[in-house]
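Quick notes on the structure that follows.
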Amino acid sequence: MFFSWQVTAMPTLSNWNNDIKFEVADNCFKTPTQISDIQAIVKQAFEKNEHVAVIGAMHSTTQCMVGSGIIISLENMDNLISIDQEQLTVTVQGGMTLRQLCSHLKEVSLQPPVILEWGNFQIGAISGTHANDTSMRRSAQFSSYVLGVKLVTPTGEIIEVSKSQNEDYLPAIRSHYGMLGVVCEVTVRVFKTQPLNVSFQLAQIDTFLSDFAAELQTLKDGYDQVFGMLFPNTGKLLWQCREPLEPEIPRPPSLGAFLDPIESKNISLFGSLFLPLVKAVTKLRPSAEIATFINSTLVDLPLKIIRHSSYIINPCDRAILWAQDDPDFEFYDWVFPEEKWRDMIQAFLQLSDCFRREHDFILQLPTLIYFIKQDQASLLSRSRNANMMAVDPVYPDPKDPAWKNFRLEFNKIAVLHGGIPHINKTRDGAIGNFANAGDSECIRRFLQIRRQLDPKDLFLNDYFKTMFRRYL
């Protein structure tokens with residue numbers, strides 16, 4: 001599993017970058033193997049008024065997964081239940097990882113609707129969170145393709161939620177965040193496999209912003225998925241452009257074909273190229289001025305090579321497993337309405353420059369940009385009311401106090417530009433700002449359903465109590 005803990009009399013659970021840890025009381029860490037086990041655990045907790053939390057891969061960098069009382073892991077419930085190749089659906093147990101799901105579907109020439117590079121994600125968890133990739137033409141959120149679940153409610157009962165049963169609960173289930181009970185089984189829409197042709201474009205952010213509407217429309221017209229990496233210190237902007245192909249289409253020629261054995265195995269640009277370079281620089285602890293020079297020197301050459309590369313990959317191969325000692329960096333993910341993104345990115349670059357000059361602090365890793373189409377499938381969707389674009393700065397040292405100061409200032413400008421934080425990824429910002437930025441009517445509806453299913457608030461942890469305080 002991606003997450004780790006030390007199993008002693010008092011197990012300690014930690015998130016993906018070991019920045020958040022919490023202890024579990026004796027005999028309170030549960031790893032059920034079947035639904036009846038879960039029912040027994042939850043019913044006992046209900047009778048004793050004990051809090052319950054369900055953990056997935058613990059990829060979150062916020063405390064949304066921190067629980068007290070009974071902690072349930074579905075790691076031993078990771079079986080494939082069925083694949084319907086005619087109806088294009090798959091049903092799995094909640095503990096199955098995305099990587100496992102991709103392996104099963106690849107055998108029958110199918111693929112999940114959204115394939116994130118984090119193969120450690122568990123399907124039960126991402127069936128009801130903000131887990132998303134990037135997409136110009138259809139929903140980028142995994143939860144939007146959830147067709148049904150089998151849920152052990154906080155009272156220990158089993159209910160099924162789908163288009164034909166308890167349909168009113170489905171938009172809430174797609175935003176469950178572990179607050180509605182234990183999602184034991186998930187049915188997801190799938191697609192026939194289409195290889196992805198991946199190519200790259202290199203630009204300057206000023207050029208992109210100078211004719212923003214036209215540049216954005218060109219990306220939408222040309223590609224199914226676009227993922228950006230902005231280097232704040234140089235203004236360079238790298239677009240990774242993905243377009244699905246019919247399987248029989250021959251491979252296009254590539255001047256950078258020597259990179260294909262790396263990229264086609266999904267040794268990603270971010271995780272395997274830029275991150276190691278930045279880690280090496282970070283260990284030297286140079287000044288911001290020197291670090292900027294080193295980063296520019298180290299990054300410019302790879303960018304010049306990468307822009308000539310293209311490759312074709314089976315989308316199922318994108319879901320890779322991250323080892324426990326790999327992800328010692330942190331995201332800080334906000335999304336903004338398309339019409340406000342240009343002004344936001346300019347304010348972001350001004351903030352970055354201010355911190356470089358006044359605080360000797362630079363963002364050494366690229367800031368990530370992705371696209372989320374308007375999507376009302378889930379009640380807590382970040383794109384319910386508009387197409388959204390992300391500004392997601394990344395930093396290699398989560399404990400650096402200067403990084404915290406930057407995050408807090410970033411929050412201020414994000415709010416001014418209509419930003420919505422990521423519940424799983426945006427600490428400081430999510431807990432203070434999501435309820436203010438989200439659709440208030442939908443939040444109220446979600447909390448109404450949550451209270452119906454969990455009258456004792458046993459599945460509501462301190463993080464969400466604080467987040468939804470104004471509604472509770």
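Letters A, B, ... go to the chains of the structure tokens in the order shown; residues in each chain start at 1; ligands are counted from 1 in the same order.
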
Shell of 9 Å around His59 of chain A, only C-alpha atoms, local chain residues under 6 positions omitted, as a ChimeraX atom specification: /A:2-3,15-17,118,120-121,424-425

I need the residues from that last selection saved to file as a short mmCIF file (atom, residue, chain, number, x, y, z; two decimals), in the first residue's frame (with N, CA and C atoms), if you can.
```
data_model
loop_
_atom_site.label_atom_id
_atom_site.label_comp_id
_atom_site.auth_asym_id
_atom_site.auth_seq_id
_atom_site.Cartn_x
_atom_site.Cartn_y
_atom_site.Cartn_z
N PHE A 2 0.30 2.37 -0.49
CA PHE A 2 1.06 3.61 -0.53
C PHE A 2 1.26 4.21 0.85
N PHE A 3 0.19 4.17 1.65
CA PHE A 3 0.32 4.74 2.97
C PHE A 3 1.05 3.77 3.87
N ASN A 15 0.36 10.48 6.34
CA ASN A 15 -0.06 10.73 4.96
C ASN A 15 1.11 10.54 4.01
N TRP A 16 0.90 10.89 2.75
CA TRP A 16 1.85 10.49 1.70
C TRP A 16 3.22 11.14 1.84
N ASN A 17 3.30 12.37 2.37
CA ASN A 17 4.62 12.98 2.51
C ASN A 17 5.06 13.06 3.98
N TRP A 118 -1.35 8.81 -10.13
CA TRP A 118 -1.17 8.26 -8.80
C TRP A 118 -1.91 6.93 -8.69
N ASN A 120 -1.73 4.63 -6.63
CA ASN A 120 -2.00 4.14 -5.28
C ASN A 120 -3.40 4.49 -4.80
N PHE A 121 -4.07 5.43 -5.46
CA PHE A 121 -5.42 5.81 -5.05
C PHE A 121 -6.32 4.59 -4.95
N ASN A 424 -8.65 17.89 -0.51
CA ASN A 424 -7.60 16.92 -0.17
C ASN A 424 -6.19 17.50 -0.21
N LYS A 425 -6.00 18.59 -0.94
CA LYS A 425 -4.64 19.01 -1.24
C LYS A 425 -4.27 20.39 -0.74
#
```

Quick one: residues within 8 Å of Asp19 of chain A, only C-alpha atoms, excluding same-chain residues fewer than 5 positions away - as a ChimeraX atom specification? /A:14,61,398-399

Can you tell me which residues surround Gly438 of chain A at a distance of at most 9 Å, considering only C-alpha atoms, apart from same-chain residues fewer than 5 positions away, and format the answer as a VMD selection string? chain A and resid 380 to 382 384 420 433 443

Would you save the residues of that selection, restricted to N, CA and C atoms, as a compact mmCIF listing (two decimals), in the first residue's frame?
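Resulting contents of out24.txt:
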```
# COMPACT_ATOMS: atom_id res chain seq x y z
N LEU A 380 -20.37 18.66 -4.29
CA LEU A 380 -19.25 19.49 -3.88
C LEU A 380 -18.24 19.69 -5.01
N SER A 381 -18.69 19.51 -6.24
CA SER A 381 -17.83 19.73 -7.40
C SER A 381 -17.26 21.14 -7.39
N ARG A 382 -15.97 21.26 -7.75
CA ARG A 382 -15.35 22.59 -7.82
C ARG A 382 -15.68 23.29 -9.14
N ARG A 384 -18.94 23.30 -10.56
CA ARG A 384 -20.39 23.27 -10.73
C ARG A 384 -20.89 24.42 -11.59
N ILE A 420 -11.29 28.31 -5.76
CA ILE A 420 -11.86 27.25 -4.93
C ILE A 420 -10.75 26.27 -4.62
N ASN A 433 -11.64 28.23 3.46
CA ASN A 433 -12.26 28.93 2.34
C ASN A 433 -13.20 28.11 1.46
N ILE A 443 -23.97 22.71 -0.83
CA ILE A 443 -23.37 22.34 0.45
C ILE A 443 -24.45 22.02 1.47
```

Please report, as a Markdown table, each residue of segment 101-179 of chain A lying at most 12 Å from segment 331-335 of chain A, together with the nearest pair of atoms and the separation in Å rounded to one decimal; use only C-alpha atoms, and order rows by chain and ascending residue number.
```
| residue | atom | partner | partner_atom | distance |
| --- | --- | --- | --- | --- |
| A:His130 | CA | A:Asp333 | CA | 10.8 |
| A:Ala131 | CA | A:Asp333 | CA | 11.5 |
| A:Asn132 | CA | A:Asp333 | CA | 11.5 |
| A:Thr134 | CA | A:Val335 | CA | 11.8 |
```

Between A:Met96, A:Val161, A:Ile115, A:Leu88, which has the minimum distance to Gln141 of chain A (counting only C-alpha atoms)?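 Answer, going by the shortest atom-to-atom distance: A:Ile115.
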
Expected answer as a list in words: strand (DSSP E) residues in segment 301-436 of chain A: Ser310, Tyr311, Ile312, Ile313, Glu330, Phe331, Trp334, Val335, Phe336, Pro337, Thr367, Leu368, Ile369, Phe371, Ile372, Met388, Met389, Ala390, Val391, Val394, Tyr395, Ile420 and Pro421 of chain A

Long-range neighbours of segment 446-452 of chain A as a ChimeraX atom specification, 8 Å cut-off, only C-alpha atoms, 4 positions minimum in chain: /A:169,172,179-180,379-380,442,456-457

Write the selection just made, keeping N, CA, C and O atoms, as a JSON list (two decimals), in the first residue's frame?
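Written out: again.json:
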```json
[["chain", "number", "residue", "atom", "x", "y", "z"],
["A", 169, "TYR", "N", -29.41, 10.33, -3.57],
["A", 169, "TYR", "CA", -28.16, 10.35, -2.82],
["A", 169, "TYR", "C", -26.93, 10.36, -3.73],
["A", 169, "TYR", "O", -25.81, 10.62, -3.26],
["A", 172, "ALA", "N", -24.47, 13.28, -3.79],
["A", 172, "ALA", "CA", -23.77, 13.40, -2.51],
["A", 172, "ALA", "C", -22.71, 12.32, -2.38],
["A", 172, "ALA", "O", -21.60, 12.59, -1.89],
["A", 179, "MET", "N", -17.63, 10.84, 4.73],
["A", 179, "MET", "CA", -18.57, 11.37, 5.72],
["A", 179, "MET", "C", -19.94, 10.70, 5.70],
["A", 179, "MET", "O", -20.79, 11.00, 6.54],
["A", 180, "LEU", "N", -20.19, 9.82, 4.73],
["A", 180, "LEU", "CA", -21.52, 9.23, 4.59],
["A", 180, "LEU", "C", -21.57, 7.77, 4.99],
["A", 180, "LEU", "O", -22.63, 7.14, 4.91],
["A", 379, "LEU", "N", -22.23, 17.07, -5.65],
["A", 379, "LEU", "CA", -22.68, 18.26, -4.95],
["A", 379, "LEU", "C", -21.54, 19.21, -4.59],
["A", 379, "LEU", "O", -21.72, 20.42, -4.56],
["A", 380, "LEU", "N", -20.37, 18.66, -4.29],
["A", 380, "LEU", "CA", -19.25, 19.49, -3.88],
["A", 380, "LEU", "C", -18.24, 19.69, -5.01],
["A", 380, "LEU", "O", -17.08, 20.03, -4.78],
["A", 442, "CYS", "N", -25.81, 23.69, -2.67],
["A", 442, "CYS", "CA", -25.35, 22.31, -2.77],
["A", 442, "CYS", "C", -24.69, 21.83, -1.48],
["A", 442, "CYS", "O", -24.85, 20.67, -1.09],
["A", 456, "LYS", "N", -25.84, 10.74, 14.39],
["A", 456, "LYS", "CA", -24.98, 10.99, 15.55],
["A", 456, "LYS", "C", -23.66, 11.68, 15.18],
["A", 456, "LYS", "O", -22.80, 11.88, 16.05],
["A", 457, "ASP", "N", -23.47, 12.00, 13.90],
["A", 457, "ASP", "CA", -22.22, 12.64, 13.43],
["A", 457, "ASP", "C", -20.98, 11.81, 13.73],
["A", 457, "ASP", "O", -19.90, 12.36, 13.99]]
```

Contact residues around segment 234-249 of chain A with only C-alpha atoms at 6 Å, ignoring same-chain residues under 5 positions, as a ChimeraX atom specification: /A:194-205,223-229

Output C-alpha atoms of each residue in that selection to a file, as a CSV table (one decimal), in the first residue's frame.
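Output file part-v9.csv is given in full below:
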```csv
chain,number,residue,atom,x,y,z
A,194,GLN,CA,-7.8,4.6,-27.0
A,195,PRO,CA,-4.1,5.1,-27.0
A,196,LEU,CA,-3.0,8.6,-26.1
A,197,ASN,CA,-0.7,10.6,-28.5
A,198,VAL,CA,1.3,12.9,-26.2
A,199,SER,CA,3.2,15.9,-27.6
A,200,PHE,CA,4.6,19.1,-26.1
A,201,GLN,CA,4.5,22.8,-26.7
A,202,LEU,CA,6.9,25.3,-25.2
A,203,ALA,CA,5.9,29.0,-24.8
A,204,GLN,CA,6.4,32.0,-22.6
A,205,ILE,CA,3.6,32.8,-20.2
A,223,TYR,CA,-6.5,18.4,-27.8
A,224,ASP,CA,-8.6,16.2,-25.6
A,225,GLN,CA,-6.4,16.9,-22.5
A,226,VAL,CA,-3.8,19.5,-21.8
A,227,PHE,CA,-1.6,19.7,-18.7
A,228,GLY,CA,0.7,22.7,-18.1
A,229,MET,CA,3.9,23.3,-16.1
```

Which of A:Asp392, A:Asp37, A:Asp343, A:Asp317 sits closest to Val182 of chain A [using only C-alpha atoms]: A:Asp37
